[in-house]
$ cat start05.json   # JSON, C-alpha atoms
[["chain", "number", "residue", "atom", "x", "y", "z"],
["G", 96, "MET", "CA", 86.35, -4.22, -14.80],
["G", 97, "LYS", "CA", 86.01, -3.18, -11.17],
["G", 98, "ARG", "CA", 86.42, 0.44, -12.10],
["G", 99, "LYS", "CA", 83.66, 0.04, -14.68],
["G", 100, "GLN", "CA", 81.35, -1.50, -12.05],
["G", 101, "LEU", "CA", 82.08, 1.32, -9.70],
["G", 102, "PHE", "CA", 81.42, 3.87, -12.41],
["G", 103, "THR", "CA", 78.08, 2.21, -13.28],
["G", 104, "THR", "CA", 77.01, 2.19, -9.64],
["G", 105, "ALA", "CA", 77.90, 5.85, -9.18],
["G", 106, "LEU", "CA", 76.06, 6.77, -12.39],
["G", 107, "LEU", "CA", 72.98, 4.83, -11.26],
["G", 108, "PHE", "CA", 72.87, 6.63, -7.94],
["G", 109, "ALA", "CA", 73.42, 9.97, -9.65],
["G", 110, "LEU", "CA", 70.48, 9.26, -11.98],
["G", 111, "ILE", "CA", 68.23, 8.28, -9.06],
["G", 112, "PHE", "CA", 69.27, 11.45, -7.27],
["G", 113, "LEU", "CA", 68.69, 13.75, -10.24],
["G", 114, "GLY", "CA", 65.52, 11.93, -11.33],
["G", 115, "SER", "CA", 63.93, 12.60, -7.94],
["G", 116, "CYS", "CA", 64.29, 16.35, -8.40],
["G", 117, "ALA", "CA", 61.81, 18.38, -10.42],
["G", 118, "PRO", "CA", 63.11, 21.67, -11.82],
["G", 119, "SER", "CA", 63.53, 24.08, -8.90],
["G", 120, "TYR", "CA", 60.87, 26.48, -10.18],
["G", 121, "HIS", "CA", 58.21, 23.89, -9.28],
["G", 122, "GLN", "CA", 58.67, 25.29, -5.74],
["G", 123, "ILE", "CA", 56.75, 28.43, -6.76],
["G", 124, "LEU", "CA", 53.40, 26.69, -6.42],
["G", 125, "ALA", "CA", 54.47, 23.65, -4.42],
["G", 126, "THR", "CA", 52.76, 22.50, -1.23],
["G", 127, "LYS", "CA", 52.92, 19.14, 0.49],
["G", 128, "GLU", "CA", 49.36, 19.20, 1.77],
["G", 129, "SER", "CA", 46.10, 19.87, -0.06],
["G", 130, "GLN", "CA", 44.60, 23.36, -0.10],
["G", 131, "VAL", "CA", 41.64, 22.25, 2.02],
["G", 132, "LYS", "CA", 43.79, 20.55, 4.63],
["G", 133, "LEU", "CA", 46.19, 23.50, 4.83],
["G", 134, "ARG", "CA", 43.32, 25.92, 5.40],
["G", 135, "ALA", "CA", 41.94, 23.69, 8.13],
["G", 136, "ILE", "CA", 45.21, 23.57, 10.07],
["G", 137, "GLN", "CA", 46.07, 27.23, 9.53],
["G", 138, "THR", "CA", 42.67, 28.82, 10.20],
["G", 139, "ARG", "CA", 40.55, 29.32, 13.33],
["G", 140, "ALA", "CA", 37.35, 31.26, 13.93],
["G", 141, "PHE", "CA", 36.90, 33.49, 16.97],
["G", 142, "ASP", "CA", 33.61, 34.84, 18.35],
["G", 143, "ALA", "CA", 34.69, 38.45, 18.06],
["G", 144, "THR", "CA", 33.93, 41.30, 15.68],
["G", 145, "ASP", "CA", 36.51, 43.96, 16.49],
["G", 146, "LYS", "CA", 39.09, 43.47, 13.71],
["G", 147, "ASP", "CA", 41.33, 46.25, 15.01],
["G", 148, "LYS", "CA", 41.52, 44.72, 18.47],
["G", 149, "MET", "CA", 42.16, 41.25, 17.04],
["G", 150, "LEU", "CA", 45.00, 42.58, 14.87],
["G", 151, "ARG", "CA", 46.57, 44.29, 17.87],
["G", 152, "THR", "CA", 46.26, 41.09, 19.88],
["G", 153, "VAL", "CA", 47.86, 39.10, 17.06],
["G", 154, "ILE", "CA", 50.76, 41.58, 17.09],
["G", 155, "ALA", "CA", 51.10, 41.27, 20.88],
["G", 156, "THR", "CA", 51.02, 37.46, 20.67],
["G", 157, "LEU", "CA", 53.69, 37.44, 17.97],
["G", 158, "GLN", "CA", 55.83, 39.67, 20.19],
["G", 159, "ASP", "CA", 55.27, 37.36, 23.17],
["G", 160, "LEU", "CA", 56.43, 34.43, 21.05],
["G", 161, "GLY", "CA", 59.67, 36.27, 20.28],
["G", 162, "PHE", "CA", 58.80, 37.60, 16.83],
["G", 163, "ILE", "CA", 59.49, 41.08, 15.68],
["G", 164, "VAL", "CA", 56.77, 42.58, 13.53],
["G", 165, "ASP", "CA", 57.95, 43.28, 9.96],
["G", 166, "LYS", "CA", 54.76, 44.60, 8.39],
["G", 167, "ALA", "CA", 51.22, 45.37, 9.36],
["G", 168, "ASP", "CA", 48.32, 46.52, 7.25],
["G", 169, "HIS", "CA", 45.04, 47.56, 8.78],
["G", 170, "VAL", "CA", 43.02, 47.47, 5.55],
["G", 171, "LEU", "CA", 44.28, 44.06, 4.45],
["G", 172, "GLY", "CA", 44.21, 42.84, 8.02],
["G", 173, "ALA", "CA", 47.61, 41.23, 7.65],
["G", 174, "VAL", "CA", 50.59, 41.12, 9.99],
["G", 175, "SER", "CA", 54.00, 39.58, 9.25],
["G", 176, "GLY", "CA", 56.74, 38.84, 11.72],
["G", 177, "THR", "CA", 60.16, 37.19, 11.93],
["G", 178, "LYS", "CA", 61.69, 35.22, 14.78],
["G", 179, "LEU", "CA", 65.46, 34.77, 14.81],
["G", 180, "ASN", "CA", 66.91, 32.18, 17.15],
["G", 181, "GLN", "CA", 69.76, 30.71, 15.09],
["G", 182, "TYR", "CA", 66.91, 29.84, 12.73],
["G", 183, "THR", "CA", 64.59, 32.12, 10.78],
["G", 184, "LEU", "CA", 60.88, 31.64, 11.33],
["G", 185, "ARG", "CA", 58.65, 33.91, 9.25],
["G", 186, "MET", "CA", 54.97, 34.12, 9.85],
["G", 187, "THR", "CA", 52.06, 35.98, 8.27],
["G", 188, "VAL", "CA", 48.74, 36.22, 10.08],
["G", 189, "SER", "CA", 45.61, 37.59, 8.48],
["G", 190, "VAL", "CA", 42.32, 38.56, 10.10],
["G", 191, "ARG", "CA", 39.06, 38.89, 8.21],
["G", 192, "PRO", "CA", 35.40, 38.93, 9.16],
["G", 193, "ARG", "CA", 33.30, 35.80, 8.80],
["G", 194, "GLY", "CA", 29.64, 36.77, 8.73],
["G", 195, "ASP", "CA", 28.57, 39.30, 11.35],
["G", 196, "THR", "CA", 29.61, 37.46, 14.46],
["G", 197, "GLN", "CA", 33.02, 35.94, 13.86],
["G", 198, "LEU", "CA", 36.55, 36.72, 12.78],
["G", 199, "LEU", "CA", 38.68, 34.28, 10.82],
["G", 200, "VAL", "CA", 42.35, 34.23, 11.73],
["G", 201, "ARG", "CA", 44.75, 32.50, 9.38],
["G", 202, "ALA", "CA", 48.44, 31.95, 9.95],
["G", 203, "ASN", "CA", 51.14, 30.57, 7.73],
["G", 204, "ALA", "CA", 54.75, 30.03, 8.61],
["G", 205, "GLN", "CA", 58.07, 29.33, 6.98],
["G", 206, "TYR", "CA", 60.94, 27.72, 8.88],
["G", 207, "ASN", "CA", 64.29, 28.60, 7.27],
["G", 208, "ILE", "CA", 63.58, 27.55, 3.67],
["G", 209, "THR", "CA", 60.72, 25.13, 4.22],
["G", 210, "ALA", "CA", 56.99, 25.68, 4.63],
["G", 211, "VAL", "CA", 55.52, 24.67, 8.00],
["G", 212, "GLU", "CA", 52.69, 22.31, 7.08],
["G", 213, "ASN", "CA", 52.28, 20.15, 10.18],
["G", 214, "PRO", "CA", 49.39, 21.06, 12.51],
["G", 215, "GLU", "CA", 51.18, 21.22, 15.90],
["G", 216, "PRO", "CA", 53.00, 24.56, 15.52],
["G", 217, "TYR", "CA", 49.78, 26.24, 14.35],
["G", 218, "GLN", "CA", 47.86, 24.71, 17.25],
["G", 219, "GLN", "CA", 50.48, 26.18, 19.62],
["G", 220, "PHE", "CA", 50.16, 29.58, 17.98],
["G", 221, "PHE", "CA", 46.35, 29.59, 18.25],
["G", 222, "ASP", "CA", 46.58, 28.41, 21.88],
["G", 223, "ALA", "CA", 48.74, 31.44, 22.65],
["G", 224, "LEU", "CA", 46.38, 33.74, 20.72],
["G", 225, "SER", "CA", 43.29, 32.31, 22.49],
["G", 226, "LYS", "CA", 44.89, 33.04, 25.85],
["G", 227, "ALA", "CA", 45.56, 36.61, 24.78],
["G", 228, "VAL", "CA", 42.02, 37.33, 23.52],
["G", 229, "PHE", "CA", 40.31, 35.35, 26.32],
["G", 230, "LEU", "CA", 38.31, 33.51, 23.63],
["G", 231, "SER", "CA", 38.42, 29.96, 22.38],
["G", 232, "ALA", "CA", 39.46, 29.23, 18.83],
["G", 233, "HIS", "CA", 36.98, 27.21, 16.78],
["G", 234, "PRO", "CA", 38.16, 24.93, 14.02],
["G", 235, "VAL", "CA", 36.82, 25.87, 10.60],
["G", 236, "ASP", "CA", 35.44, 23.32, 8.16],
["W", 178, "MET", "CA", 96.68, -7.20, 2.40],
["W", 179, "VAL", "CA", 93.11, -6.05, 1.93],
["W", 180, "ASN", "CA", 90.92, -8.40, -0.04],
["W", 181, "PRO", "CA", 90.14, -6.53, -3.30],
["W", 182, "VAL", "CA", 86.61, -7.97, -3.58],
["W", 183, "LYS", "CA", 85.74, -7.01, 0.00],
["W", 184, "ASN", "CA", 87.22, -3.59, -0.54],
["W", 185, "ASN", "CA", 85.03, -3.04, -3.60],
["W", 186, "THR", "CA", 81.85, -3.97, -1.68],
["W", 187, "PHE", "CA", 82.82, -1.65, 1.13],
["W", 188, "PHE", "CA", 83.33, 1.15, -1.37],
["W", 189, "ARG", "CA", 79.92, 0.62, -2.98],
["W", 190, "VAL", "CA", 78.17, 0.62, 0.37],
["W", 191, "PHE", "CA", 80.05, 3.76, 1.27],
["W", 192, "ILE", "CA", 78.91, 5.54, -1.91],
["W", 193, "GLY", "CA", 75.34, 4.28, -1.43],
["W", 194, "VAL", "CA", 75.16, 5.60, 2.11],
["W", 195, "GLY", "CA", 76.66, 8.89, 0.94],
["W", 196, "VAL", "CA", 74.07, 9.34, -1.80],
["W", 197, "PHE", "CA", 71.16, 8.53, 0.50],
["W", 198, "TRP", "CA", 72.49, 10.92, 3.07],
["W", 199, "LEU", "CA", 72.52, 13.63, 0.38],
["W", 200, "LEU", "CA", 68.97, 12.72, -0.66],
["W", 201, "PHE", "CA", 67.55, 12.93, 2.84],
["W", 202, "ALA", "CA", 69.62, 15.73, 4.31],
["W", 203, "GLY", "CA", 67.32, 18.22, 2.60],
["W", 204, "CYS", "CA", 64.26, 16.81, 4.37],
["W", 205, "ALA", "CA", 65.73, 16.99, 7.86],
["W", 206, "GLN", "CA", 64.66, 20.60, 8.50],
["W", 207, "THR", "CA", 61.72, 20.67, 10.87],
["W", 208, "ILE", "CA", 60.50, 23.44, 13.09],
["W", 209, "PRO", "CA", 61.67, 23.12, 16.73],
["W", 210, "GLU", "CA", 58.91, 22.18, 19.17],
["W", 211, "GLN", "CA", 59.23, 25.29, 21.31],
["W", 212, "ALA", "CA", 59.31, 27.73, 18.39],
["W", 213, "LEU", "CA", 55.65, 28.75, 18.73],
["W", 214, "GLN", "CA", 55.18, 27.97, 22.39],
["W", 215, "LEU", "CA", 54.95, 30.63, 25.07],
["W", 216, "SER", "CA", 58.11, 30.22, 27.13],
["W", 217, "LYS", "CA", 58.67, 30.88, 30.83],
["W", 218, "GLU", "CA", 60.73, 33.90, 29.88],
["W", 219, "SER", "CA", 58.08, 35.44, 27.63],
["W", 220, "LEU", "CA", 56.45, 37.41, 30.46],
["W", 221, "GLU", "CA", 59.85, 38.60, 31.66],
["W", 222, "HIS", "CA", 60.77, 39.70, 28.13],
["W", 223, "ARG", "CA", 57.45, 41.50, 27.74],
["W", 224, "GLN", "CA", 58.13, 43.51, 30.89],
["W", 225, "LEU", "CA", 61.66, 44.28, 29.74],
["W", 226, "GLN", "CA", 60.47, 45.49, 26.35],
["W", 227, "THR", "CA", 57.38, 47.44, 27.43],
["W", 228, "ARG", "CA", 56.85, 50.85, 29.03],
["W", 229, "ARG", "CA", 53.76, 52.95, 29.67],
["W", 230, "PHE", "CA", 53.58, 56.66, 29.05],
["W", 231, "HIS", "CA", 51.01, 59.30, 29.94],
["W", 232, "THR", "CA", 50.30, 60.38, 26.41],
["W", 233, "ASP", "CA", 48.14, 59.52, 23.41],
["W", 234, "GLU", "CA", 49.11, 56.96, 20.78],
["W", 235, "LYS", "CA", 49.87, 59.39, 17.94],
["W", 236, "THR", "CA", 52.23, 61.48, 20.08],
["W", 237, "LEU", "CA", 54.00, 58.39, 21.34],
["W", 238, "LEU", "CA", 54.39, 57.03, 17.81],
["W", 239, "SER", "CA", 55.91, 60.20, 16.44],
["W", 240, "ALA", "CA", 58.23, 60.55, 19.45],
["W", 241, "SER", "CA", 59.28, 56.92, 18.92],
["W", 242, "ALA", "CA", 59.98, 57.49, 15.23],
["W", 243, "SER", "CA", 62.19, 60.43, 16.21],
["W", 244, "VAL", "CA", 64.15, 58.29, 18.68],
["W", 245, "LEU", "CA", 64.66, 55.59, 16.04],
["W", 246, "GLN", "CA", 66.00, 58.30, 13.75],
["W", 247, "ASP", "CA", 68.19, 59.65, 16.56],
["W", 248, "LEU", "CA", 69.69, 56.17, 16.80],
["W", 249, "GLY", "CA", 70.36, 56.03, 13.06],
["W", 250, "PHE", "CA", 67.59, 53.63, 12.10],
["W", 251, "ASN", "CA", 65.88, 53.93, 8.72],
["W", 252, "ILE", "CA", 62.12, 53.54, 8.90],
["W", 253, "ASN", "CA", 61.20, 50.61, 6.63],
["W", 254, "GLU", "CA", 57.57, 50.22, 7.42],
["W", 255, "SER", "CA", 54.88, 51.96, 9.39],
["W", 256, "GLU", "CA", 51.19, 51.45, 10.04],
["W", 257, "THR", "CA", 49.91, 54.11, 12.39],
["W", 258, "GLU", "CA", 46.40, 52.63, 12.42],
["W", 259, "LEU", "CA", 47.81, 49.65, 14.28],
["W", 260, "GLY", "CA", 50.67, 51.48, 15.99],
["W", 261, "VAL", "CA", 53.54, 49.75, 14.20],
["W", 262, "ILE", "CA", 56.92, 51.19, 13.17],
["W", 263, "VAL", "CA", 59.70, 49.02, 11.76],
["W", 264, "GLY", "CA", 63.24, 50.26, 11.26],
["W", 265, "SER", "CA", 66.65, 48.85, 10.49],
["W", 266, "LYS", "CA", 70.30, 49.81, 10.19],
["W", 267, "GLN", "CA", 73.44, 48.11, 8.96],
["W", 268, "ARG", "CA", 76.54, 48.49, 11.11],
["W", 269, "ASP", "CA", 80.03, 47.20, 11.76],
["W", 270, "ALA", "CA", 80.20, 43.96, 13.80],
["W", 271, "THR", "CA", 83.93, 43.42, 14.35],
["W", 272, "SER", "CA", 84.83, 42.63, 17.94],
["W", 273, "PRO", "CA", 88.38, 43.23, 19.20],
["W", 274, "SER", "CA", 88.63, 39.83, 20.92],
["W", 275, "GLN", "CA", 87.71, 38.02, 17.71],
["W", 276, "VAL", "CA", 90.29, 40.03, 15.74],
["W", 277, "VAL", "CA", 93.00, 39.14, 18.29],
["W", 278, "GLY", "CA", 91.98, 35.47, 18.02],
["W", 279, "ALA", "CA", 92.17, 35.65, 14.21],
["W", 280, "VAL", "CA", 95.65, 37.22, 14.33],
["W", 281, "VAL", "CA", 96.88, 34.38, 16.58],
["W", 282, "VAL", "CA", 95.46, 31.81, 14.13],
["W", 283, "VAL", "CA", 97.12, 33.60, 11.18],
["W", 284, "LEU", "CA", 100.49, 33.57, 12.95],
["W", 285, "LEU", "CA", 100.19, 29.86, 13.75],
["W", 286, "THR", "CA", 98.72, 28.55, 10.51],
["W", 287, "GLY", "CA", 99.11, 31.29, 7.91],
["W", 288, "VAL", "CA", 95.37, 31.11, 7.12],
["W", 289, "MET", "CA", 93.03, 33.98, 7.96],
["W", 290, "PRO", "CA", 89.87, 32.61, 9.65],
["W", 291, "PRO", "CA", 86.58, 34.41, 8.91],
["W", 292, "ILE", "CA", 85.60, 37.01, 11.52],
["W", 293, "ASP", "CA", 82.31, 38.83, 12.12],
["W", 294, "LYS", "CA", 82.14, 41.86, 9.88],
["W", 295, "GLU", "CA", 78.67, 43.36, 9.49],
["W", 296, "GLN", "CA", 75.35, 43.25, 11.25],
["W", 297, "LEU", "CA", 71.82, 44.14, 10.25],
["W", 298, "ILE", "CA", 69.97, 45.48, 13.28],
["W", 299, "ARG", "CA", 66.19, 45.55, 13.12],
["W", 300, "ALA", "CA", 63.80, 47.27, 15.48],
["W", 301, "SER", "CA", 60.06, 46.82, 15.62],
["W", 302, "LEU", "CA", 58.00, 49.15, 17.78],
["W", 303, "VAL", "CA", 54.35, 48.64, 18.64],
["W", 304, "THR", "CA", 52.08, 50.96, 20.61],
["W", 305, "ARG", "CA", 48.86, 49.98, 22.35],
["W", 306, "PRO", "CA", 46.38, 52.41, 23.89],
["W", 307, "ILE", "CA", 45.49, 51.48, 27.48],
["W", 308, "HIS", "CA", 43.33, 54.44, 28.33],
["W", 309, "ILE", "CA", 41.91, 56.90, 25.81],
["W", 310, "HIS", "CA", 40.80, 60.39, 26.78],
["W", 311, "GLU", "CA", 39.17, 62.24, 23.88],
["W", 312, "THR", "CA", 40.16, 65.79, 24.75],
["W", 313, "ASP", "CA", 43.17, 65.76, 27.04],
["W", 314, "PRO", "CA", 46.18, 63.77, 25.70],
["W", 315, "SER", "CA", 47.96, 64.00, 29.06],
["W", 316, "LYS", "CA", 45.19, 61.90, 30.61],
["W", 317, "CYS", "CA", 45.71, 59.16, 28.00],
["W", 318, "ARG", "CA", 47.87, 56.18, 28.75],
["W", 319, "THR", "CA", 49.67, 54.24, 26.05],
["W", 320, "ALA", "CA", 51.99, 51.23, 26.22],
["W", 321, "VAL", "CA", 54.90, 50.81, 23.86],
["W", 322, "ARG", "CA", 56.84, 47.63, 23.23],
["W", 323, "ILE", "CA", 60.03, 47.52, 21.22],
["W", 324, "THR", "CA", 61.92, 44.44, 20.08],
["W", 325, "PHE", "CA", 65.37, 44.27, 18.53],
["W", 326, "GLN", "CA", 66.93, 41.57, 16.37],
["W", 327, "ARG", "CA", 70.22, 41.27, 14.60],
["W", 328, "ILE", "CA", 71.76, 39.24, 11.80],
["W", 329, "VAL", "CA", 75.56, 39.09, 11.90],
["W", 330, "SER", "CA", 77.60, 38.10, 8.86],
["W", 331, "ASN", "CA", 81.33, 37.41, 8.64],
["W", 332, "SER", "CA", 84.13, 38.50, 6.32],
["W", 333, "GLN", "CA", 83.15, 35.72, 3.87],
["W", 334, "GLY", "CA", 79.56, 36.93, 3.71],
["W", 335, "GLN", "CA", 78.16, 33.96, 5.66],
["W", 336, "ILE", "CA", 75.57, 34.52, 8.38],
["W", 337, "THR", "CA", 77.09, 33.64, 11.74],
["W", 338, "ARG", "CA", 74.34, 34.75, 14.09],
["W", 339, "ARG", "CA", 70.61, 35.32, 13.92],
["W", 340, "GLU", "CA", 69.15, 36.36, 17.23],
["W", 341, "GLY", "CA", 66.66, 38.39, 19.18],
["W", 342, "ILE", "CA", 68.14, 40.84, 21.69],
["W", 343, "CYS", "CA", 67.24, 40.31, 25.35],
["W", 344, "GLU", "CA", 69.81, 42.55, 27.11],
["W", 345, "ALA", "CA", 67.98, 44.63, 29.71],
["W", 346, "LYS", "CA", 70.45, 47.51, 29.39],
["W", 347, "ILE", "CA", 69.63, 48.04, 25.72],
["W", 348, "TYR", "CA", 65.91, 48.36, 26.39],
["W", 349, "GLN", "CA", 66.43, 50.55, 29.44],
["W", 350, "ALA", "CA", 68.60, 52.92, 27.41],
["W", 351, "PHE", "CA", 66.08, 53.04, 24.59],
["W", 352, "PHE", "CA", 63.19, 53.94, 26.90],
["W", 353, "ASP", "CA", 65.30, 56.62, 28.61],
["W", 354, "LYS", "CA", 65.80, 58.21, 25.20],
["W", 355, "LEU", "CA", 62.11, 57.84, 24.39],
["W", 356, "ALA", "CA", 61.12, 59.56, 27.64],
["W", 357, "GLN", "CA", 63.50, 62.36, 26.77],
["W", 358, "SER", "CA", 62.08, 62.60, 23.24],
["W", 359, "LEU", "CA", 58.53, 62.87, 24.61],
["W", 360, "PHE", "CA", 59.68, 65.63, 26.95],
["W", 361, "LEU", "CA", 61.41, 67.46, 24.09],
["W", 362, "GLU", "CA", 58.39, 67.16, 21.81],
["W", 363, "ALA", "CA", 56.02, 68.29, 24.53],
["W", 364, "HIS", "CA", 58.14, 71.42, 24.78],
["W", 365, "GLU", "CA", 58.56, 71.63, 21.01],
["W", 366, "ILE", "CA", 62.36, 71.69, 21.04]]
$ encode --input "start05.json" --output "structure tokens"
Amino acid sequence: MKRKQLFTTALLFALIFLGSCAPSYHQILATKESQVKLRAIQTRAFDATDKDKMLRTVIATLQDLGFIVDKADHVLGAVSGTKLNQYTLRMTVSVRPRGDTQLLVRANAQYNITAVENPEPYQQFFDALSKAVFLSAHPVD
Amino acid sequence: MVNPVKNNTFFRVFIGVGVFWLLFAGCAQTIPEQALQLSKESLEHRQLQTRRFHTDEKTLLSASASVLQDLGFNINESETELGVIVGSKQRDATSPSQVVGAVVVVLLTGVMPPIDKEQLIRASLVTRPIHIHETDPSKCRTAVRITFQRIVSNSQGQITRREGICEAKIYQAFFDKLAQSLFLEAHEI
């Protein structure tokens, strides 16, 4: 009787546990936040037009933050870097023009095997970048 | 004697706690607060990892690529428009002290503990023009910053270390070789 109870309890917990998991391929397109909100926390506009200079500053900022640059593409305007400090933090930053007077900088990061979707780390990154370009970062709506 | 009813309750609670721990353990990974913050050491590290040379960017990049090759790195990625070269190499990571430690453990327990076996070393080199002179490369000035990382795995294939390299000696030695490479290339040796 007791063994049966125990078995039922274990089975119940196992069902709750398995029921809470979608198939693992749902991760391919999964995000916790909405597209609009993610863009808002990951993007800033700078009053600058020199894409080349901005890309080089992004690279320098990543290096200052302890990243090593993995990839850079001038045409795409994208830079990727990895920081190893007993954890793996991967980051991709892209730069593209917004109108004739501004550049949009977007960053997205991955901490070990999870996406970074809270605003603070991005704010810290853009603070460091602003210091390096001597320009303030404007939020984008 | 333990009361069988009490024991059963205890067991259920134990399983319940265990299951919830499993459920939430996966959510516990959050990015450390300082991960994207400029640290006090960042300026020091920049100085350690940067040198300036009296040459133009293209010359410095090709001399740097040669040095990376001299050191046995494979070039994985390069973007000369932005002055980026990325290389890596895989090497042995066994350290004598760890092997001695493992032997002692084997003698005492009969079980071989895992020891560091391999490491992936990555180098990322970025150049930045400071002063550009259109006609005379020797009047140009270019800065170069290199950063090294390594991922060490043990004899069971698990990663034991993931770290950036901050040893001053390593960077000093690299830049000595780079200076030599620039000299050699200037003289076309």
$ atom_distance --input "start05.json" --atom1 "atom CA of G:Leu230" --atom2 "atom CA of G:Asp142"
7.2 Å
$ residues_around --input "start05.json" --residues "W:Asn253" --least-positions-apart "3" --cutoff "7 Å" --atoms "all atoms listed in the file" --output "number ranges by chain"
W: 263-265
$ atom_distance --input "start05.json" --atom1 "atom CA of W:Ser216" --atom2 "atom CA of G:Lys178"
13.8 Å
$ closest_atom_pairs --input "start05.json" --of "chain G" --to "chain W" --cutoff "8 Å" --atoms "only C-alpha atoms" --output "Markdown table"
| residue | atom | partner | partner_atom | distance |
| --- | --- | --- | --- | --- |
| G:Lys97 | CA | W:Asn185 | CA | 7.6 |
| G:Leu101 | CA | W:Arg189 | CA | 7.1 |
| G:Thr104 | CA | W:Arg189 | CA | 7.4 |
| G:Ala105 | CA | W:Ile192 | CA | 7.3 |
| G:Phe108 | CA | W:Val196 | CA | 6.8 |
| G:Ala109 | CA | W:Val196 | CA | 7.9 |
| G:Phe112 | CA | W:Leu200 | CA | 6.7 |
| G:Asp147 | CA | W:Leu259 | CA | 7.4 |
| G:Leu150 | CA | W:Leu259 | CA | 7.6 |
| G:Arg151 | CA | W:Leu259 | CA | 6.6 |
| G:Gln158 | CA | W:Thr324 | CA | 7.7 |
| G:Asp159 | CA | W:Ser219 | CA | 5.6 |
| G:Leu160 | CA | W:Leu215 | CA | 5.7 |
| G:Gly161 | CA | W:Gly341 | CA | 7.4 |
| G:Ile163 | CA | W:Ser301 | CA | 5.8 |
| G:Val164 | CA | W:Ser301 | CA | 5.8 |
| G:Asp165 | CA | W:Val263 | CA | 6.3 |
| G:Lys166 | CA | W:Glu254 | CA | 6.4 |
| G:Ala167 | CA | W:Glu256 | CA | 6.1 |
| G:Asp168 | CA | W:Glu256 | CA | 6.4 |
| G:His169 | CA | W:Glu258 | CA | 6.4 |
| G:Lys178 | CA | W:Gly341 | CA | 7.4 |
| G:Leu179 | CA | W:Glu340 | CA | 4.7 |
| G:Asn180 | CA | W:Glu340 | CA | 4.7 |
| G:Gln181 | CA | W:Arg339 | CA | 4.8 |
| G:Tyr182 | CA | W:Arg339 | CA | 6.7 |
| G:Thr183 | CA | W:Arg339 | CA | 7.5 |
| G:Tyr206 | CA | W:Ile208 | CA | 6.0 |
| G:Thr209 | CA | W:Gln206 | CA | 7.4 |
| G:Val211 | CA | W:Ile208 | CA | 7.2 |
| G:Pro216 | CA | W:Leu213 | CA | 5.9 |
| G:Tyr217 | CA | W:Leu213 | CA | 7.7 |
| G:Gln219 | CA | W:Gln214 | CA | 5.7 |
| G:Phe220 | CA | W:Leu213 | CA | 5.6 |
| G:Ala223 | CA | W:Leu215 | CA | 6.7 |
$ write_last_selection --input "start05.json" --atoms "C-alpha atoms" --output "PDB file, in the coordinates of the input"
ATOM      1  CA  LYS G  97      86.010  -3.180 -11.170  1.00  0.00           C
ATOM      2  CA  LEU G 101      82.080   1.320  -9.700  1.00  0.00           C
ATOM      3  CA  THR G 104      77.010   2.190  -9.640  1.00  0.00           C
ATOM      4  CA  ALA G 105      77.900   5.850  -9.180  1.00  0.00           C
ATOM      5  CA  PHE G 108      72.870   6.630  -7.940  1.00  0.00           C
ATOM      6  CA  ALA G 109      73.420   9.970  -9.650  1.00  0.00           C
ATOM      7  CA  PHE G 112      69.270  11.450  -7.270  1.00  0.00           C
ATOM      8  CA  ASP G 147      41.330  46.250  15.010  1.00  0.00           C
ATOM      9  CA  LEU G 150      45.000  42.580  14.870  1.00  0.00           C
ATOM     10  CA  ARG G 151      46.570  44.290  17.870  1.00  0.00           C
ATOM     11  CA  GLN G 158      55.830  39.670  20.190  1.00  0.00           C
ATOM     12  CA  ASP G 159      55.270  37.360  23.170  1.00  0.00           C
ATOM     13  CA  LEU G 160      56.430  34.430  21.050  1.00  0.00           C
ATOM     14  CA  GLY G 161      59.670  36.270  20.280  1.00  0.00           C
ATOM     15  CA  ILE G 163      59.490  41.080  15.680  1.00  0.00           C
ATOM     16  CA  VAL G 164      56.770  42.580  13.530  1.00  0.00           C
ATOM     17  CA  ASP G 165      57.950  43.280   9.960  1.00  0.00           C
ATOM     18  CA  LYS G 166      54.760  44.600   8.390  1.00  0.00           C
ATOM     19  CA  ALA G 167      51.220  45.370   9.360  1.00  0.00           C
ATOM     20  CA  ASP G 168      48.320  46.520   7.250  1.00  0.00           C
ATOM     21  CA  HIS G 169      45.040  47.560   8.780  1.00  0.00           C
ATOM     22  CA  LYS G 178      61.690  35.220  14.780  1.00  0.00           C
ATOM     23  CA  LEU G 179      65.460  34.770  14.810  1.00  0.00           C
ATOM     24  CA  ASN G 180      66.910  32.180  17.150  1.00  0.00           C
ATOM     25  CA  GLN G 181      69.760  30.710  15.090  1.00  0.00           C
ATOM     26  CA  TYR G 182      66.910  29.840  12.730  1.00  0.00           C
ATOM     27  CA  THR G 183      64.590  32.120  10.780  1.00  0.00           C
ATOM     28  CA  TYR G 206      60.940  27.720   8.880  1.00  0.00           C
ATOM     29  CA  THR G 209      60.720  25.130   4.220  1.00  0.00           C
ATOM     30  CA  VAL G 211      55.520  24.670   8.000  1.00  0.00           C
ATOM     31  CA  PRO G 216      53.000  24.560  15.520  1.00  0.00           C
ATOM     32  CA  TYR G 217      49.780  26.240  14.350  1.00  0.00           C
ATOM     33  CA  GLN G 219      50.480  26.180  19.620  1.00  0.00           C
ATOM     34  CA  PHE G 220      50.160  29.580  17.980  1.00  0.00           C
ATOM     35  CA  ALA G 223      48.740  31.440  22.650  1.00  0.00           C
TER      36      ALA G 223
END
$ atom_distance --input "start05.json" --atom1 "atom CA of W:Leu297" --atom2 "atom CA of W:Lys217"
27.8 Å
$ residues_near_point --input "start05.json" --point "(74.8, 50.2, 13.9)" --cutoff "10 Å" --atoms "all atoms listed in the file" --output "list in words"
Leu248, Gly249, Phe250, Ser265, Lys266, Gln267, Arg268, Asp269, Ala270, Glu295, Gln296, Leu297, Ile298 and Arg299 of chain W
$ residues_around --input "start05.json" --residues "G:Ala135" --least-positions-apart "5" --cutoff "10 Å" --atoms "all atoms listed in the file" --output "compact mmCIF listing (two decimals) with C-alpha atoms, in the frame of the given file"
# COMPACT_ATOMS: atom_id res chain seq x y z
CA SER G 129 46.10 19.87 -0.06
CA GLN G 130 44.60 23.36 -0.10
CA ARG G 201 44.75 32.50 9.38
CA PRO G 214 49.39 21.06 12.51
CA PRO G 234 38.16 24.93 14.02
CA VAL G 235 36.82 25.87 10.60
CA ASP G 236 35.44 23.32 8.16
